[in-house]
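Take a look at the structure below.
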Amino acid sequence: MHFFKYRSGELYAEEVPVKKLAVKYGTPLYIYSYKTLLRHFRAYADAFNDYPHLICFAIKSNSNTSILRFIAKNGGGADIVSGGELHAALKAGIKPEKIVYAGVGKTEDEINFALKSKILMFNVESEAELREINRVAGKVKKKASVALRINPDIDPETHPYITTGLRKHKFGISIEKALEHYRLASRLENINVIGIHKHIGSQITKVSPFVEALKKLLVFVDKLSIQGVEIKYLDIGGGLGIPYKDEEPPVPKDLAKHLIPLLKDRNFTLIIEPGRSIVGNAGILVTKTLYLKKGEEKDFIIVDAGMNDLVRPSFYGAYHNLLPVVRKKRQAVKCDVVGPICESSDFLATDRVINKINQGEYIAVMGAGAYGFSMSSNYNSRPRSAEVLVKGREHFLIRKRETYNDLTRNERIPAFLK
Ligand SMILES: *Cc1c(COP(=O)(O)O)cnc(C)c1O
């Protein structure tokens, strides 16, 4: 459910016509709906209300400071995967004791930064990392709180690139080896074992993989308990899907209904790390049609948003619904909707039957709020787009469009070339 709806033939972001924003701020333009964000965040908070929990927003899905500030103001925490994300979280006012830190390649600097910031816990992904955190913590005379990320070997039945919890993946520690790792962790002097973590993938459209993975984890937690390792924080990761096309993913309430009964009578604090399911449908990318081109075999709609603005179609073959910002009687056409970038993989849609768009008209790329701007780049020396947050009738620029000068700002010319 989101608040991008047509009113007498015009697409609105809440109470504001999308076209008005596109004209005012230019395109390509990311537009977010505050009301949608709030609705999605509350859906989690309400669903898990009966069980001690912490909602740690996965910052990699969208790291705009205003979005993170919204999370902070609503009592949310953060799931981070880098020092940069830690900086962003703290700057936005997310409390360090609500921050969990995953990722297979944490550097010494990043570990130090996290220790100094007093985050809740490191989600540790290997033995080598565990030893490194122990070493770094010792150097600064601190104790690092950790959870081990367990790879439960559950297939979430989603896109291979966003599946993370199978035996063959680089993420986490296999459940067979985990006991040994926990034993090691409890022996290490500067490590404080407080949790267990898993994250099996993204855009998961069924409840069953979550249930299966949690069951596996709980069996394991009981084994740990026998060994004298007590788990306080049970972190089940993120990954709940959203409807991009015709998927009917479960909502947080469905998840809670199946998971909470398994946790009753256990004294955990549950951690959930949603990203996409909070911000995905709360954002759209608006792009302008530059040219219509009749190719030899295909027709093309050439728009001003490229794979540098939204890489998901090129990268994952992801489907995004494309809607005309002004709806009128249109002829259906089959075409590729492509960007201006010099790559054949630069497309928003291929062989898509859509309503014919004319040169100069705007298209809304739906469901672009997650892994949209946060994955954008400057490829082809394209300034990254602006971001706008709509709240009711109001709209706020939450990121300025980059300028050409921004593109070269950090470059230096060596003396011999001057
Ligand atoms: C990416 C990621 C998430 C968020 O995944 P979504 O599918 O956006 O909910 C949560 N936890 C970890 C460890 C991740 O890597």
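Chain labels A, B, ... are given in the sequence in which chains occur in the structure tokens; within each chain residues are numbered consecutively from 1, and ligands are likewise numbered from 1 in the order shown.
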
Could you give me, as a PyMOL selection string, every polymer residue with an atom at most 9 Å away from an atom of ligand 1, counting only C-alpha atoms and all ligand atoms? chain A and resi 56-61+79-81+100-103+123+149+162+164+171+197-204+236-241+272-280+370-371

What lies within 8 Å of Val311 in chain A using only C-alpha atoms, ignoring chain neighbours under 6 positions off, as a PDB file with N, CA, C and O atoms, in the first residue's frame?
ATOM      1  N   GLY A 372      17.401   2.158  -4.865  1.00  0.00           N
ATOM      2  CA  GLY A 372      17.284   3.074  -5.993  1.00  0.00           C
ATOM      3  C   GLY A 372      18.417   4.073  -5.894  1.00  0.00           C
ATOM      4  O   GLY A 372      19.537   3.801  -6.359  1.00  0.00           O
ATOM      5  N   MET A 375      21.908   2.909  -4.691  1.00  0.00           N
ATOM      6  CA  MET A 375      22.799   2.175  -5.606  1.00  0.00           C
ATOM      7  C   MET A 375      23.187   3.036  -6.798  1.00  0.00           C
ATOM      8  O   MET A 375      23.807   2.541  -7.745  1.00  0.00           O
ATOM      9  N   SER A 376      22.841   4.294  -6.777  1.00  0.00           N
ATOM     10  CA  SER A 376      23.098   5.121  -7.955  1.00  0.00           C
ATOM     11  C   SER A 376      24.564   5.531  -8.019  1.00  0.00           C
ATOM     12  O   SER A 376      25.286   5.485  -7.025  1.00  0.00           O
TER      13      SER A 376
END

Identify, on the basis of only C-alpha atoms, every residue whose closest approach to Tyr51 in chain A does not exceed 8 Å; exclude the query and any residue fewer than 2 positions from it along the same chain; express the result as an MDAnalysis selection string. chainID A and resid 48:49 53 260 269:270

Deliver the residues from the most recent selection as a file, using C-alpha atoms, as a PDB file, in the first residue's frame.
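What follows is the written file result25.pdb:
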ATOM      1  CA  PHE A  48       5.652  -7.074  16.845  1.00  0.00           C
ATOM      2  CA  ASN A  49       4.198  -4.926  19.623  1.00  0.00           C
ATOM      3  CA  HIS A  53      11.813  -6.066  19.730  1.00  0.00           C
ATOM      4  CA  ILE A 260       6.041 -14.887  17.626  1.00  0.00           C
ATOM      5  CA  THR A 269      14.858  -9.231  22.321  1.00  0.00           C
ATOM      6  CA  LEU A 270      13.911  -9.798  18.710  1.00  0.00           C
TER       7      LEU A 270
END

All residues 7 Å or closer to Ser145 in chain A, only C-alpha atoms, same chain fewer than 2 positions away omitted, as a short mmCIF file (atom, residue, chain, number, x, y, z; two decimals) with all heavy atoms, in the first residue's frame:
data_model
loop_
_atom_site.label_atom_id
_atom_site.label_comp_id
_atom_site.auth_asym_id
_atom_site.auth_seq_id
_atom_site.Cartn_x
_atom_site.Cartn_y
_atom_site.Cartn_z
N LEU A 120 25.22 -1.50 19.42
CA LEU A 120 24.68 -2.66 20.16
C LEU A 120 25.52 -3.91 19.92
O LEU A 120 25.97 -4.54 20.86
CB LEU A 120 23.22 -2.92 19.75
CG LEU A 120 22.57 -4.16 20.35
CD1 LEU A 120 22.52 -4.08 21.87
CD2 LEU A 120 21.17 -4.37 19.78
N MET A 121 25.72 -4.28 18.64
CA MET A 121 26.53 -5.48 18.39
C MET A 121 27.02 -5.59 16.95
O MET A 121 26.45 -5.03 16.03
CB MET A 121 25.74 -6.75 18.77
CG MET A 121 24.50 -7.02 17.94
SD MET A 121 23.63 -8.49 18.58
CE MET A 121 22.40 -8.74 17.30
N PHE A 122 28.12 -6.33 16.84
CA PHE A 122 28.66 -6.71 15.53
C PHE A 122 27.99 -8.03 15.13
O PHE A 122 27.95 -8.95 15.95
CB PHE A 122 30.16 -6.96 15.62
CG PHE A 122 30.98 -5.74 15.89
CD1 PHE A 122 31.24 -5.33 17.20
CD2 PHE A 122 31.52 -5.00 14.85
CE1 PHE A 122 32.02 -4.20 17.45
CE2 PHE A 122 32.31 -3.88 15.09
CZ PHE A 122 32.55 -3.47 16.39
N LYS A 143 35.30 -4.07 25.30
CA LYS A 143 34.70 -5.38 25.01
C LYS A 143 33.72 -5.20 23.87
O LYS A 143 32.87 -4.31 23.91
CB LYS A 143 33.98 -5.91 26.26
CG LYS A 143 34.86 -6.84 27.07
CD LYS A 143 34.05 -7.88 27.83
CE LYS A 143 34.94 -9.03 28.25
NZ LYS A 143 34.31 -10.28 28.41
N ILE A 191 35.63 -10.25 23.77
CA ILE A 191 34.36 -10.48 23.07
C ILE A 191 33.28 -10.82 24.08
O ILE A 191 33.52 -11.60 25.00
CB ILE A 191 34.49 -11.66 22.06
CG1 ILE A 191 35.49 -11.32 20.94
CG2 ILE A 191 33.13 -12.08 21.51
CD1 ILE A 191 35.02 -10.33 19.92
N ASN A 192 32.13 -10.22 23.86
CA ASN A 192 30.98 -10.48 24.70
C ASN A 192 29.87 -11.04 23.81
O ASN A 192 29.32 -10.30 22.99
CB ASN A 192 30.57 -9.14 25.34
CG ASN A 192 29.60 -9.33 26.48
OD1 ASN A 192 29.36 -10.46 26.92
ND2 ASN A 192 29.03 -8.23 26.94
N VAL A 193 29.58 -12.32 23.94
CA VAL A 193 28.57 -12.93 23.07
C VAL A 193 27.18 -12.57 23.58
O VAL A 193 26.83 -12.91 24.71
CB VAL A 193 28.71 -14.46 23.01
CG1 VAL A 193 27.62 -15.07 22.15
CG2 VAL A 193 30.08 -14.84 22.49
N ILE A 194 26.39 -11.88 22.76
CA ILE A 194 25.04 -11.52 23.23
C ILE A 194 23.93 -11.95 22.26
O ILE A 194 22.77 -11.92 22.60
CB ILE A 194 24.89 -10.01 23.51
CG1 ILE A 194 25.10 -9.17 22.25
CG2 ILE A 194 25.84 -9.55 24.63
CD1 ILE A 194 24.67 -7.71 22.42
#

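Among the candidates A:Val337, A:Val16, A:Leu218, A:Leu292, the one nearest to Ile31 in chain A when counting only C-alpha atoms is A:Val16.
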
Have a look at CA of Gly195 in chain A and CA of Asn267 in chain A and let me know their distance in Å, one decimal.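 Rounded to one decimal, the two atoms are 12.0 Å apart.
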
Just list as an NGL selection string whatever in range 203-343 of chain A DSSP marks as strand (DSSP E). :A and (233-235 or 269-272 or 283-294 or 299-303 or 322-324 or 332-338)

Would you save the residues of that selection, restricted to N, CA, C and O atoms, as a compact mmCIF listing (two decimals), in the first residue's frame?
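Result file is again16.txt:
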# COMPACT_ATOMS: atom_id res chain seq x y z
N TYR A 233 19.89 -11.42 22.21
CA TYR A 233 19.34 -10.78 21.01
C TYR A 233 19.24 -11.78 19.87
O TYR A 233 20.24 -12.35 19.44
N LEU A 234 18.02 -11.97 19.40
CA LEU A 234 17.79 -12.86 18.27
C LEU A 234 17.47 -11.99 17.07
O LEU A 234 16.41 -11.37 17.01
N ASP A 235 18.39 -11.93 16.12
CA ASP A 235 18.27 -11.03 14.97
C ASP A 235 17.91 -11.85 13.73
O ASP A 235 18.73 -12.65 13.26
N THR A 269 15.31 -10.43 23.01
CA THR A 269 14.86 -9.23 22.32
C THR A 269 15.01 -9.56 20.85
O THR A 269 16.10 -9.92 20.39
N LEU A 270 13.91 -9.46 20.13
CA LEU A 270 13.91 -9.80 18.71
C LEU A 270 14.40 -8.58 17.92
O LEU A 270 13.96 -7.46 18.17
N ILE A 271 15.30 -8.82 16.98
CA ILE A 271 15.73 -7.73 16.09
C ILE A 271 15.27 -8.07 14.67
O ILE A 271 15.43 -9.20 14.21
N ILE A 272 14.67 -7.08 14.02
CA ILE A 272 14.23 -7.24 12.63
C ILE A 272 14.94 -6.17 11.82
O ILE A 272 15.09 -5.03 12.28
N GLY A 283 8.78 5.15 -2.49
CA GLY A 283 9.52 6.03 -3.39
C GLY A 283 9.27 5.71 -4.85
O GLY A 283 9.04 4.56 -5.22
N ILE A 284 9.28 6.76 -5.67
CA ILE A 284 9.21 6.57 -7.13
C ILE A 284 10.35 7.37 -7.77
O ILE A 284 10.90 8.29 -7.16
N LEU A 285 10.69 6.96 -8.99
CA LEU A 285 11.66 7.72 -9.77
C LEU A 285 10.91 8.32 -10.96
O LEU A 285 10.29 7.57 -11.72
N VAL A 286 10.97 9.63 -11.09
CA VAL A 286 10.27 10.27 -12.20
C VAL A 286 11.28 10.62 -13.28
O VAL A 286 12.34 11.18 -13.00
N THR A 287 10.94 10.25 -14.49
CA THR A 287 11.86 10.47 -15.61
C THR A 287 11.09 11.07 -16.79
O THR A 287 9.89 10.86 -16.93
N LYS A 288 11.82 11.82 -17.59
CA LYS A 288 11.20 12.50 -18.73
C LYS A 288 11.54 11.75 -20.01
O LYS A 288 12.67 11.28 -20.17
N THR A 289 10.57 11.67 -20.91
CA THR A 289 10.82 11.03 -22.20
C THR A 289 11.57 12.01 -23.10
O THR A 289 11.09 13.12 -23.36
N LEU A 290 12.76 11.59 -23.53
CA LEU A 290 13.57 12.46 -24.39
C LEU A 290 13.24 12.25 -25.86
O LEU A 290 13.03 13.20 -26.60
N TYR A 291 13.24 10.98 -26.26
CA TYR A 291 13.02 10.67 -27.67
C TYR A 291 12.25 9.36 -27.82
O TYR A 291 12.33 8.49 -26.96
N LEU A 292 11.54 9.26 -28.93
CA LEU A 292 10.99 7.97 -29.34
C LEU A 292 11.80 7.54 -30.54
O LEU A 292 12.09 8.34 -31.43
N LYS A 293 12.22 6.29 -30.54
CA LYS A 293 13.09 5.84 -31.63
C LYS A 293 12.57 4.51 -32.17
O LYS A 293 12.36 3.58 -31.40
N LYS A 294 12.41 4.46 -33.48
CA LYS A 294 12.03 3.21 -34.12
C LYS A 294 13.30 2.48 -34.51
O LYS A 294 14.06 2.94 -35.35
N ASP A 299 11.04 -0.99 -30.84
CA ASP A 299 10.81 0.44 -30.62
C ASP A 299 11.36 0.80 -29.26
O ASP A 299 11.26 0.02 -28.30
N PHE A 300 11.93 2.00 -29.19
CA PHE A 300 12.54 2.45 -27.94
C PHE A 300 11.89 3.74 -27.45
O PHE A 300 11.61 4.63 -28.24
N ILE A 301 11.71 3.78 -26.15
CA ILE A 301 11.41 5.06 -25.50
C ILE A 301 12.68 5.43 -24.75
O ILE A 301 13.14 4.68 -23.88
N ILE A 302 13.27 6.55 -25.12
CA ILE A 302 14.53 6.96 -24.49
C ILE A 302 14.21 8.02 -23.44
O ILE A 302 13.61 9.05 -23.75
N VAL A 303 14.58 7.70 -22.20
CA VAL A 303 14.24 8.60 -21.08
C VAL A 303 15.50 9.16 -20.44
O VAL A 303 16.62 8.70 -20.73
N LEU A 322 5.88 0.87 -14.78
CA LEU A 322 6.07 2.21 -15.34
C LEU A 322 4.70 2.83 -15.60
O LEU A 322 3.88 2.24 -16.30
N LEU A 323 4.45 3.98 -15.03
CA LEU A 323 3.15 4.62 -15.19
C LEU A 323 3.32 6.01 -15.80
O LEU A 323 4.23 6.76 -15.42
N PRO A 324 2.42 6.37 -16.72
CA PRO A 324 2.46 7.75 -17.22
C PRO A 324 2.02 8.70 -16.10
O PRO A 324 1.07 8.40 -15.38
N ALA A 332 -1.72 1.07 -26.60
CA ALA A 332 -0.71 0.20 -26.00
C ALA A 332 0.38 -0.11 -27.03
O ALA A 332 0.08 -0.38 -28.19
N VAL A 333 1.62 0.01 -26.59
CA VAL A 333 2.73 -0.30 -27.49
C VAL A 333 3.72 -1.21 -26.77
O VAL A 333 3.80 -1.19 -25.54
N LYS A 334 4.45 -2.00 -27.57
CA LYS A 334 5.49 -2.85 -26.97
C LYS A 334 6.84 -2.21 -27.27
O LYS A 334 7.14 -1.93 -28.44
N CYS A 335 7.63 -1.98 -26.26
CA CYS A 335 8.90 -1.30 -26.50
C CYS A 335 9.91 -1.56 -25.38
O CYS A 335 9.56 -2.16 -24.36
N ASP A 336 11.13 -1.10 -25.61
CA ASP A 336 12.12 -1.07 -24.54
C ASP A 336 12.17 0.37 -24.04
O ASP A 336 12.20 1.30 -24.84
N VAL A 337 12.18 0.51 -22.73
CA VAL A 337 12.34 1.85 -22.15
C VAL A 337 13.78 1.93 -21.69
O VAL A 337 14.21 1.18 -20.80
N VAL A 338 14.56 2.80 -22.32
CA VAL A 338 16.01 2.80 -22.11
C VAL A 338 16.51 4.16 -21.65
O VAL A 338 15.86 5.18 -21.88

CA of Lys328 in chain A and CA of Ser33 in chain A, how far apart in Å? 24.0 Å

In Å, with one decimal, what is the gap from CA of Ser208 in chain A to CA of Asp155 in chain A?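 Separation of CA of Ser208 in chain A and CA of Asp155 in chain A: 10.0 Å.
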
Please provide the set of residues having any atom within 10 Å of range 407-414 of chain A, restricted to only C-alpha atoms, with same-chain residues fewer than 2 positions apart removed, written as a list of chain:residue names.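 So, after excluding close chain neighbours, the residues are A:Asn378, A:Ser381, A:Arg382, A:Pro383, A:Arg384, A:Glu402, A:Thr403, A:Tyr404, A:Asn405, A:Phe416, A:Leu417, A:Lys418.
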
Would you mind exporting the chosen residues as a compact mmCIF listing (two decimals), in the first residue's frame, restricted to N, CA, C and O atoms?
# COMPACT_ATOMS: atom_id res chain seq x y z
N ASN A 378 27.75 7.78 -10.63
CA ASN A 378 28.01 8.89 -11.54
C ASN A 378 28.48 8.42 -12.92
O ASN A 378 29.06 9.18 -13.68
N SER A 381 29.58 10.22 -16.18
CA SER A 381 29.66 11.58 -15.61
C SER A 381 28.29 12.24 -15.53
O SER A 381 28.11 13.38 -15.95
N ARG A 382 27.39 11.47 -14.94
CA ARG A 382 26.03 12.00 -14.76
C ARG A 382 25.83 12.38 -13.30
O ARG A 382 26.02 11.55 -12.41
N PRO A 383 25.50 13.63 -13.05
CA PRO A 383 25.23 14.04 -11.66
C PRO A 383 24.09 13.20 -11.10
O PRO A 383 23.13 12.90 -11.81
N ARG A 384 24.20 12.82 -9.83
CA ARG A 384 23.12 12.03 -9.24
C ARG A 384 21.91 12.92 -8.98
O ARG A 384 22.03 14.11 -8.74
N GLU A 402 23.12 16.84 -7.90
CA GLU A 402 24.55 17.15 -8.01
C GLU A 402 24.80 18.06 -9.22
O GLU A 402 24.05 18.05 -10.19
N THR A 403 25.89 18.82 -9.11
CA THR A 403 26.27 19.70 -10.23
C THR A 403 27.46 19.06 -10.96
O THR A 403 28.07 18.12 -10.46
N TYR A 404 27.80 19.61 -12.10
CA TYR A 404 28.98 19.13 -12.81
C TYR A 404 30.23 19.30 -11.96
O TYR A 404 31.12 18.46 -11.96
N ASN A 405 30.27 20.40 -11.21
CA ASN A 405 31.43 20.62 -10.34
C ASN A 405 31.55 19.55 -9.26
O ASN A 405 32.65 19.18 -8.88
N PHE A 416 52.99 17.45 -13.02
CA PHE A 416 53.56 17.29 -14.36
C PHE A 416 52.52 17.46 -15.47
O PHE A 416 52.85 17.59 -16.63
N LEU A 417 51.25 17.46 -15.10
CA LEU A 417 50.20 17.66 -16.10
C LEU A 417 49.67 19.09 -16.10
O LEU A 417 48.84 19.46 -16.92
N LYS A 418 50.18 19.87 -15.18
CA LYS A 418 49.64 21.23 -15.06
C LYS A 418 50.17 22.15 -16.15
O LYS A 418 51.22 21.90 -16.71

Measuring between only C-alpha atoms, which one of A:Leu348, A:Glu230, A:Tyr362, A:Phe315 shows the shortest distance to Leu11 in chain A? A:Tyr362
